[in-house]
Amino acid sequence: MADGPLIVQSDKTVLLEIDHPDASLCRLAIAPFAELERAPEHVHTYRITSLALWNARAAGLDAEAVVDVLVTYSRFPVPQGLLVDIVDVMDRYGRLVLDADPEHGLVLRTTDAAVLEEVIRSKQVGPLLGARLSPDAVAVSPAERGRLKQALLKVGWPADDQAGYVDGASHPIFLDELSGGPDGKGFELRDYQRDAIDTFFVSGSGVVVLPCGAGKTLVGAGAMAAASARTLILVSNTVSARQWRDELISRTSLTAEEVGEYSGERKEIKPVTIATYQILATRSKGVYTHFHVFDAEDWGLVIYDEVHLLPAPIFRLTAEIQSRRRLGLTATLVREDGRETDVFSLIGPKRFEAPWRDMEAQGWIAPAVCTEVRVALTDAERMTYAVADPDQRHQLAAAAKSKMAMVERIIERHHDEPVLVIGMYLDQLDQMAERLDAAVITGKTPNKERQRLFGEFRSGERRVLVVSKVANFSIDLPEASVAIQVSGTFGSRQEEAQRLGRVLRPKADGRQAHFYSVVSRDTIEQEFAARRQRFLAEQGYAYEITDGLDL
């Protein structure tokens, strides 16, 4: 019997022995179709889900390949029933196809008439369908293309959307490879960036997953050059919008006059328009007053930066623009609200993913050491925690003043390195900033002030910066090599990954990055910390756990 690192169980859970010599290869092999659930020290638990199998199928992986991976790495015989289930689930993808028909417009076709009959009679799907054209085809209104894909996914019959996309209004865009760039030295797309662009453009829609610091913006710029069409870019905040603008002007043929910003501060619509999710999701008297941005131009491409953050209103608008090419960019497709299915159906399947550790091994992101530092509460803090209501305990533990001395100790350990102190509770951050004699950036900090402080940090004028959740996403701080997380959003895996990403930009001197998570011992925060670390554990990062006495 093979001595593999996997134990595959009939309930679709997969156990991976991480100390096994083949564990790293096995983890990469199962990542396309299995999701990490728990990651203690020696055995990680994965689950094979339908959505992961359909993502794998959309990416070109068939059931035979999935079965081969499980059989190759399993220590014991793989349950036959599970193998049958995998084949059946993956076979569901593609039995329904959305296609463009010259006579009838958009048509839903099937290779299995019984499946079409089943979905026609479904209460969720039936109202979205038009006239029956034949035993294996039914008409679909183009306006229902997105909602139909959502509904079909929910009833377990994901549609393969092959209906194509309109080109949109033409607008020539070229990459300034080898001649552009802010340093005047030019740049060249990396092989994985070219692969991501090519894979996306062949399919026309979908998500590209790359680690923070691996150049997702350049993938977006490359997709824009391939489309050479008017482009709408949706981003998480105004700082991110301006970073995108600067990068596009530096790396492409676009000029400042061609790139507009649509945010709370500016309302510009130009051939390339960068809009924030916040402004588009803003309502006045129950009406989304800025949704016209989606219809303002004949867009040929819509780019969703940090696609895992999409607010519900943007999902609704996206359902109506299915004829446009759509590119989602993210470091992790994890959503804590479980709406990954909406990303799959409305933006598109995961088309390209580069494992974090592979990027690190190739030198594209900085090597990182992750450490969980457990801090003991004082007797007074322990008593306050013990008598508190359960819903108050996380904040009491996360914002404990006992953490301050440990943060100082970590900063002293890295006395010559740029440090970010990251948290979510504003009172805690203000107290940290005062004790550390550092500036603090929160959601209330004006954009002009944020830009100034980030600039001083980049130039080395400031060595320590205290930041709230506003720095979780799309903030380019390549100089940062140490991040200290003092509080977080409960068990959010994507937040943990994004915060590590703040320090993953390669350093000019090859310096290692350090990510510290300071946790109150013997509290609910320890449990949440374990949940937060799951995605990074899947990527191959291990947390050293310490009481900080050796720091």
# chains A, B, ... in the order shown; residues from 1 in each chain; ligands from 1
>>> closest_atom_pairs(of="segment 294-401 of chain A", to="segment 273-279 of chain A", cutoff="9 Å", atoms="only C-alpha atoms", output="Markdown table")
| residue | atom | partner | partner_atom | distance |
| --- | --- | --- | --- | --- |
| A:Leu309 | CA | A:Tyr277 | CA | 8.8 |
| A:Leu310 | CA | A:Tyr277 | CA | 7.4 |
| A:Pro311 | CA | A:Tyr277 | CA | 7.3 |
| A:Ile314 | CA | A:Tyr277 | CA | 7.6 |
>>> residues_around(residues="segment 426-429 of chain A", least_positions_apart="5", cutoff="12 Å", atoms="only C-alpha atoms", output="short mmCIF file (atom, residue, chain, number, x, y, z; two decimals) with N, CA and C atoms, in the first residue's frame")
data_model
loop_
_atom_site.label_atom_id
_atom_site.label_comp_id
_atom_site.auth_asym_id
_atom_site.auth_seq_id
_atom_site.Cartn_x
_atom_site.Cartn_y
_atom_site.Cartn_z
N GLN A 395 -13.79 41.89 21.51
CA GLN A 395 -13.20 43.22 21.53
C GLN A 395 -12.33 43.43 22.77
N LEU A 396 -12.79 42.95 23.93
CA LEU A 396 -11.98 43.09 25.14
C LEU A 396 -10.63 42.40 24.99
N ALA A 397 -10.65 41.21 24.39
CA ALA A 397 -9.39 40.47 24.20
C ALA A 397 -8.52 41.13 23.15
N ALA A 398 -9.13 41.53 22.02
CA ALA A 398 -8.36 42.07 20.90
C ALA A 398 -7.75 43.43 21.24
N ALA A 399 -8.44 44.23 22.04
CA ALA A 399 -7.97 45.59 22.33
C ALA A 399 -7.30 45.70 23.70
N ALA A 400 -6.91 44.57 24.27
CA ALA A 400 -6.29 44.57 25.61
C ALA A 400 -5.02 45.43 25.64
N LYS A 401 -4.89 46.26 26.67
CA LYS A 401 -3.71 47.12 26.79
C LYS A 401 -2.44 46.33 27.04
N SER A 402 -2.58 45.08 27.49
CA SER A 402 -1.41 44.23 27.72
C SER A 402 -0.59 44.04 26.45
N LYS A 403 -1.20 44.25 25.30
CA LYS A 403 -0.49 44.03 24.04
C LYS A 403 0.55 45.12 23.76
N MET A 404 0.39 46.28 24.37
CA MET A 404 1.23 47.42 23.99
C MET A 404 2.70 47.16 24.23
N VAL A 407 4.10 44.93 21.55
CA VAL A 407 4.30 45.63 20.28
C VAL A 407 5.59 46.44 20.32
N LEU A 420 4.58 48.39 10.06
CA LEU A 420 3.15 48.74 10.07
C LEU A 420 2.50 48.06 11.28
N VAL A 421 1.78 48.84 12.08
CA VAL A 421 0.96 48.29 13.17
C VAL A 421 -0.49 48.38 12.70
N GLU A 434 -0.09 56.97 20.13
CA GLU A 434 0.43 57.90 21.14
C GLU A 434 1.63 57.30 21.86
N ARG A 435 1.52 56.03 22.24
CA ARG A 435 2.62 55.39 22.98
C ARG A 435 3.85 55.21 22.10
N LEU A 436 3.65 54.97 20.82
CA LEU A 436 4.78 54.74 19.90
C LEU A 436 5.28 56.03 19.27
N ASP A 437 4.59 57.13 19.54
CA ASP A 437 4.91 58.42 18.92
C ASP A 437 4.90 58.28 17.39
N ALA A 438 3.80 57.68 16.92
CA ALA A 438 3.66 57.40 15.48
C ALA A 438 2.37 58.02 14.97
N ALA A 439 2.29 58.23 13.66
CA ALA A 439 1.07 58.72 13.03
C ALA A 439 0.09 57.56 12.88
N VAL A 440 -1.20 57.91 12.87
CA VAL A 440 -2.24 56.89 12.70
C VAL A 440 -3.11 57.26 11.50
N ILE A 441 -3.47 56.25 10.70
CA ILE A 441 -4.35 56.45 9.54
C ILE A 441 -5.59 55.58 9.73
N THR A 442 -6.76 56.21 9.72
CA THR A 442 -8.04 55.49 9.82
C THR A 442 -8.95 55.95 8.69
N GLY A 443 -10.17 55.45 8.69
CA GLY A 443 -11.12 55.86 7.67
C GLY A 443 -11.48 57.33 7.75
N LYS A 444 -11.24 57.95 8.90
CA LYS A 444 -11.55 59.37 9.06
C LYS A 444 -10.43 60.28 8.58
N THR A 445 -9.27 59.71 8.29
CA THR A 445 -8.14 60.53 7.84
C THR A 445 -8.40 61.02 6.42
N LEU A 465 4.17 53.21 11.26
CA LEU A 465 2.87 53.78 10.88
C LEU A 465 1.78 52.88 11.47
N VAL A 466 0.82 53.48 12.15
CA VAL A 466 -0.31 52.74 12.72
C VAL A 466 -1.50 52.90 11.78
N VAL A 467 -2.09 51.80 11.35
CA VAL A 467 -3.14 51.87 10.33
C VAL A 467 -4.33 51.00 10.72
N SER A 468 -5.51 51.42 10.30
CA SER A 468 -6.73 50.66 10.53
C SER A 468 -7.01 49.77 9.32
N LYS A 469 -8.26 49.32 9.19
CA LYS A 469 -8.64 48.45 8.08
C LYS A 469 -8.49 49.10 6.72
N VAL A 470 -8.33 50.43 6.68
CA VAL A 470 -8.19 51.10 5.38
C VAL A 470 -6.93 50.64 4.66
N ILE A 484 2.64 44.20 12.23
CA ILE A 484 2.21 43.72 13.54
C ILE A 484 0.70 43.89 13.63
N GLN A 485 -0.02 42.78 13.64
CA GLN A 485 -1.48 42.82 13.71
C GLN A 485 -1.90 42.77 15.17
N VAL A 486 -2.58 43.82 15.63
CA VAL A 486 -2.98 43.86 17.04
C VAL A 486 -4.45 43.53 17.23
N SER A 487 -5.25 43.62 16.17
CA SER A 487 -6.66 43.22 16.25
C SER A 487 -7.19 43.03 14.84
N GLY A 488 -8.19 42.16 14.71
CA GLY A 488 -8.71 41.86 13.38
C GLY A 488 -10.19 41.58 13.41
#
>>> residues_around(residues="segment 107-114 of chain A", least_positions_apart="3", cutoff="6 Å", atoms="only C-alpha atoms", output="list in words")
Arg95, Leu96, Val97, Leu98, Asp99, Glu117, Asp136, Ala137, Val138, Ala139 and Val140 of chain A
>>> select_by_dssp(residues="segment 297-379 of chain A", states="strand (DSSP E or B)", output="PyMOL selection string")
chain A and resi 301-305+325-330+350-353+368-375
>>> write_last_selection(atoms="C-alpha atoms", output="mmCIF file, in the first residue's frame")
data_model
loop_
_atom_site.group_PDB
_atom_site.id
_atom_site.type_symbol
_atom_site.label_atom_id
_atom_site.label_comp_id
_atom_site.auth_asym_id
_atom_site.auth_seq_id
_atom_site.Cartn_x
_atom_site.Cartn_y
_atom_site.Cartn_z
ATOM 1 C CA LEU A 301 -13.799 45.691 -20.306
ATOM 2 C CA VAL A 302 -14.772 45.945 -16.628
ATOM 3 C CA ILE A 303 -12.025 45.219 -14.064
ATOM 4 C CA TYR A 304 -12.911 44.416 -10.447
ATOM 5 C CA ASP A 305 -9.911 45.013 -8.186
ATOM 6 C CA ARG A 325 -15.617 41.261 -20.657
ATOM 7 C CA ARG A 326 -15.078 41.089 -16.885
ATOM 8 C CA LEU A 327 -11.801 40.562 -15.035
ATOM 9 C CA GLY A 328 -11.660 39.989 -11.282
ATOM 10 C CA LEU A 329 -8.334 40.482 -9.482
ATOM 11 C CA THR A 330 -7.616 39.295 -5.949
ATOM 12 C CA LYS A 350 -11.132 31.253 -11.449
ATOM 13 C CA ARG A 351 -9.040 31.335 -14.631
ATOM 14 C CA PHE A 352 -5.518 31.620 -13.233
ATOM 15 C CA GLU A 353 -3.890 31.213 -9.832
ATOM 16 C CA ALA A 368 7.946 35.762 5.040
ATOM 17 C CA VAL A 369 7.984 34.436 8.583
ATOM 18 C CA CYS A 370 4.609 34.356 10.379
ATOM 19 C CA THR A 371 4.513 34.439 14.171
ATOM 20 C CA GLU A 372 1.579 34.320 16.565
ATOM 21 C CA VAL A 373 2.582 36.021 19.815
ATOM 22 C CA ARG A 374 0.354 35.118 22.754
ATOM 23 C CA VAL A 375 0.153 37.731 25.490
#
>>> residues_around(residues="Thr252 of chain A", least_positions_apart="2", cutoff="8 Å", atoms="only C-alpha atoms", output="list in words")
Ile173, Phe174, Leu175, Asp176, Gly180, Ala221, Leu248, Ile249, Ser250 and Leu254 of chain A
>>> write_last_selection(atoms="C-alpha atoms", output="CSV table (one decimal), in the first residue's frame")
chain,number,residue,atom,x,y,z
A,173,ILE,CA,-4.0,51.1,-25.2
A,174,PHE,CA,-0.4,49.9,-25.4
A,175,LEU,CA,2.0,48.7,-22.7
A,176,ASP,CA,5.2,50.7,-22.4
A,180,GLY,CA,8.1,53.1,-19.5
A,221,ALA,CA,-3.1,46.8,-17.7
A,248,LEU,CA,-1.5,53.1,-15.8
A,249,ILE,CA,0.0,56.4,-16.8
A,250,SER,CA,3.5,55.1,-16.0
A,254,LEU,CA,-2.5,56.3,-21.5
>>> select_by_dssp(residues="segment 230-335 of chain A", states="alpha helix (DSSP H)", output="mmCIF file with N, CA and C atoms, in the first residue's frame")
data_model
loop_
_atom_site.group_PDB
_atom_site.id
_atom_site.type_symbol
_atom_site.label_atom_id
_atom_site.label_comp_id
_atom_site.auth_asym_id
_atom_site.auth_seq_id
_atom_site.Cartn_x
_atom_site.Cartn_y
_atom_site.Cartn_z
ATOM 1 N N THR A 238 -10.262 55.361 -2.574
ATOM 2 C CA THR A 238 -9.711 56.436 -3.400
ATOM 3 C C THR A 238 -8.191 56.334 -3.532
ATOM 4 N N VAL A 239 -7.518 55.944 -2.453
ATOM 5 C CA VAL A 239 -6.058 55.790 -2.533
ATOM 6 C C VAL A 239 -5.705 54.751 -3.591
ATOM 7 N N SER A 240 -6.440 53.648 -3.600
ATOM 8 C CA SER A 240 -6.217 52.615 -4.603
ATOM 9 C C SER A 240 -6.485 53.146 -6.004
ATOM 10 N N ALA A 241 -7.548 53.958 -6.142
ATOM 11 C CA ALA A 241 -7.872 54.523 -7.451
ATOM 12 C C ALA A 241 -6.704 55.347 -7.987
ATOM 13 N N ARG A 242 -6.080 56.113 -7.129
ATOM 14 C CA ARG A 242 -4.982 56.965 -7.582
ATOM 15 C C ARG A 242 -3.702 56.171 -7.835
ATOM 16 N N GLN A 243 -3.525 55.086 -7.104
ATOM 17 C CA GLN A 243 -2.393 54.203 -7.408
ATOM 18 C C GLN A 243 -2.579 53.553 -8.778
ATOM 19 N N TRP A 244 -3.802 53.098 -9.071
ATOM 20 C CA TRP A 244 -4.089 52.542 -10.391
ATOM 21 C C TRP A 244 -3.825 53.590 -11.472
ATOM 22 N N ARG A 245 -4.293 54.804 -11.246
ATOM 23 C CA ARG A 245 -4.122 55.871 -12.230
ATOM 24 C C ARG A 245 -2.638 56.124 -12.496
ATOM 25 N N ASP A 246 -1.855 56.252 -11.426
ATOM 26 C CA ASP A 246 -0.422 56.516 -11.588
ATOM 27 C C ASP A 246 0.276 55.369 -12.322
ATOM 28 N N GLU A 247 -0.114 54.147 -11.964
ATOM 29 C CA GLU A 247 0.514 52.978 -12.585
ATOM 30 C C GLU A 247 0.165 52.889 -14.067
ATOM 31 N N LEU A 248 -1.092 53.147 -14.417
ATOM 32 C CA LEU A 248 -1.495 53.085 -15.821
ATOM 33 C C LEU A 248 -0.801 54.159 -16.651
ATOM 34 N N ILE A 249 -0.676 55.352 -16.100
ATOM 35 C CA ILE A 249 -0.003 56.420 -16.835
ATOM 36 C C ILE A 249 1.488 56.112 -16.986
ATOM 37 N N SER A 250 2.077 55.453 -15.980
ATOM 38 C CA SER A 250 3.504 55.119 -16.034
ATOM 39 C C SER A 250 3.801 53.939 -16.950
ATOM 40 N N ARG A 251 2.882 52.977 -16.985
ATOM 41 C CA ARG A 251 3.175 51.701 -17.645
ATOM 42 C C ARG A 251 2.513 51.516 -18.995
ATOM 43 N N TYR A 277 -15.941 51.257 -5.209
ATOM 44 C CA TYR A 277 -17.138 50.504 -4.851
ATOM 45 C C TYR A 277 -18.058 51.344 -3.957
ATOM 46 N N GLN A 278 -17.431 52.118 -3.049
ATOM 47 C CA GLN A 278 -18.230 52.874 -2.085
ATOM 48 C C GLN A 278 -19.174 53.853 -2.774
ATOM 49 N N ILE A 279 -18.684 54.590 -3.767
ATOM 50 C CA ILE A 279 -19.531 55.600 -4.396
ATOM 51 C C ILE A 279 -20.656 54.934 -5.190
ATOM 52 N N LEU A 280 -20.346 53.805 -5.833
ATOM 53 C CA LEU A 280 -21.385 53.141 -6.624
ATOM 54 C C LEU A 280 -22.441 52.501 -5.731
ATOM 55 N N ALA A 312 -22.974 43.841 -2.361
ATOM 56 C CA ALA A 312 -24.158 43.261 -2.999
ATOM 57 C C ALA A 312 -24.708 44.111 -4.146
ATOM 58 N N PRO A 313 -24.765 45.438 -4.017
ATOM 59 C CA PRO A 313 -25.290 46.221 -5.147
ATOM 60 C C PRO A 313 -24.477 46.047 -6.428
ATOM 61 N N ILE A 314 -23.166 45.871 -6.302
ATOM 62 C CA ILE A 314 -22.333 45.701 -7.501
ATOM 63 C C ILE A 314 -22.588 44.340 -8.134
ATOM 64 N N PHE A 315 -22.872 43.323 -7.309
ATOM 65 C CA PHE A 315 -23.287 42.040 -7.877
ATOM 66 C C PHE A 315 -24.533 42.236 -8.746
ATOM 67 N N ARG A 316 -25.477 43.016 -8.247
ATOM 68 C CA ARG A 316 -26.730 43.211 -8.988
ATOM 69 C C ARG A 316 -26.476 43.910 -10.322
ATOM 70 N N LEU A 317 -25.636 44.931 -10.303
ATOM 71 C CA LEU A 317 -25.324 45.632 -11.554
ATOM 72 C C LEU A 317 -24.552 44.726 -12.506
ATOM 73 N N THR A 318 -23.645 43.932 -11.952
ATOM 74 C CA THR A 318 -22.841 43.041 -12.782
ATOM 75 C C THR A 318 -23.710 42.008 -13.480
ATOM 76 N N ALA A 319 -24.794 41.610 -12.820
ATOM 77 C CA ALA A 319 -25.711 40.649 -13.442
ATOM 78 C C ALA A 319 -26.288 41.198 -14.745
#
>>> atom_distance(atom1="atom CA of Glu297 of chain A", atom2="atom CA of Phe200 of chain A")
22.4 Å
>>> atom_distance(atom1="atom CA of Val115 of chain A", atom2="atom CA of Pro79 of chain A")
27.5 Å
>>> closest_residue(among="A:Tyr46, A:Phe454, A:Trp364, A:Trp356", to="Lys507 of chain A", atoms="only C-alpha atoms")
A:Trp364
>>> closest_residue(among="A:Arg194, A:Arg493, A:Arg324, A:Arg413", to="Leu346 of chain A", atoms="only C-alpha atoms")
A:Arg324
>>> closest_residue(among="A:Thr378, A:Ser492, A:Thr289, A:Gln392", to="Asp522 of chain A", atoms="only C-alpha atoms")
A:Thr378
>>> closest_residue(among="A:Ser228, A:Thr282, A:Ser24, A:Thr523", to="Ala386 of chain A", atoms="only C-alpha atoms")
A:Thr523
>>> residues_around(residues="Ala508 of chain A", least_positions_apart="4", cutoff="12 Å", atoms="only C-alpha atoms", output="number ranges by chain")
A: 363-366, 478-481, 512
>>> residues_around(residues="Glu37 of chain A", least_positions_apart="3", cutoff="8 Å", atoms="only C-alpha atoms", output="mmCIF file with N, CA and C atoms, in the first residue's frame")
data_model
loop_
_atom_site.group_PDB
_atom_site.id
_atom_site.type_symbol
_atom_site.label_atom_id
_atom_site.label_comp_id
_atom_site.auth_asym_id
_atom_site.auth_seq_id
_atom_site.Cartn_x
_atom_site.Cartn_y
_atom_site.Cartn_z
ATOM 1 N N HIS A 44 -3.674 18.795 8.173
ATOM 2 C CA HIS A 44 -4.613 19.800 7.681
ATOM 3 C C HIS A 44 -5.829 19.096 7.073
ATOM 4 N N THR A 45 -6.992 19.675 7.297
ATOM 5 C CA THR A 45 -8.239 19.102 6.791
ATOM 6 C C THR A 45 -8.773 19.935 5.631
ATOM 7 N N TYR A 46 -8.965 19.297 4.496
ATOM 8 C CA TYR A 46 -9.551 19.922 3.313
ATOM 9 C C TYR A 46 -10.929 19.324 3.064
ATOM 10 N N ARG A 47 -11.744 20.041 2.284
ATOM 11 C CA ARG A 47 -13.035 19.504 1.860
ATOM 12 C C ARG A 47 -13.182 19.705 0.355
ATOM 13 N N ARG A 534 -6.194 30.032 8.259
ATOM 14 C CA ARG A 534 -6.443 28.874 7.400
ATOM 15 C C ARG A 534 -5.996 29.080 5.959
#
>>> closest_atom_pairs(of="segment 115-221 of chain A", to="segment 55-61 of chain A", cutoff="12 Å", atoms="only C-alpha atoms", output="CSV")
residue,atom,partner,partner_atom,distance
A:Leu153,CA,A:Asn55,CA,11.9
A:Pro158,CA,A:Ala58,CA,10.2
A:Ala159,CA,A:Ala58,CA,10.2
A:Asp160,CA,A:Ala58,CA,8.0
A:Asp161,CA,A:Ala58,CA,10.3
A:Gln162,CA,A:Ala58,CA,11.7
A:Ala196,CA,A:Ala59,CA,11.9
A:Thr199,CA,A:Ala59,CA,9.2
A:Phe200,CA,A:Ala59,CA,10.3
A:Val202,CA,A:Ala59,CA,11.6
A:Ser203,CA,A:Ala58,CA,9.7
A:Ser205,CA,A:Ala58,CA,11.3
A:Gly206,CA,A:Ala58,CA,9.8
A:Val207,CA,A:Asn55,CA,10.4
A:Val208,CA,A:Ala59,CA,11.3
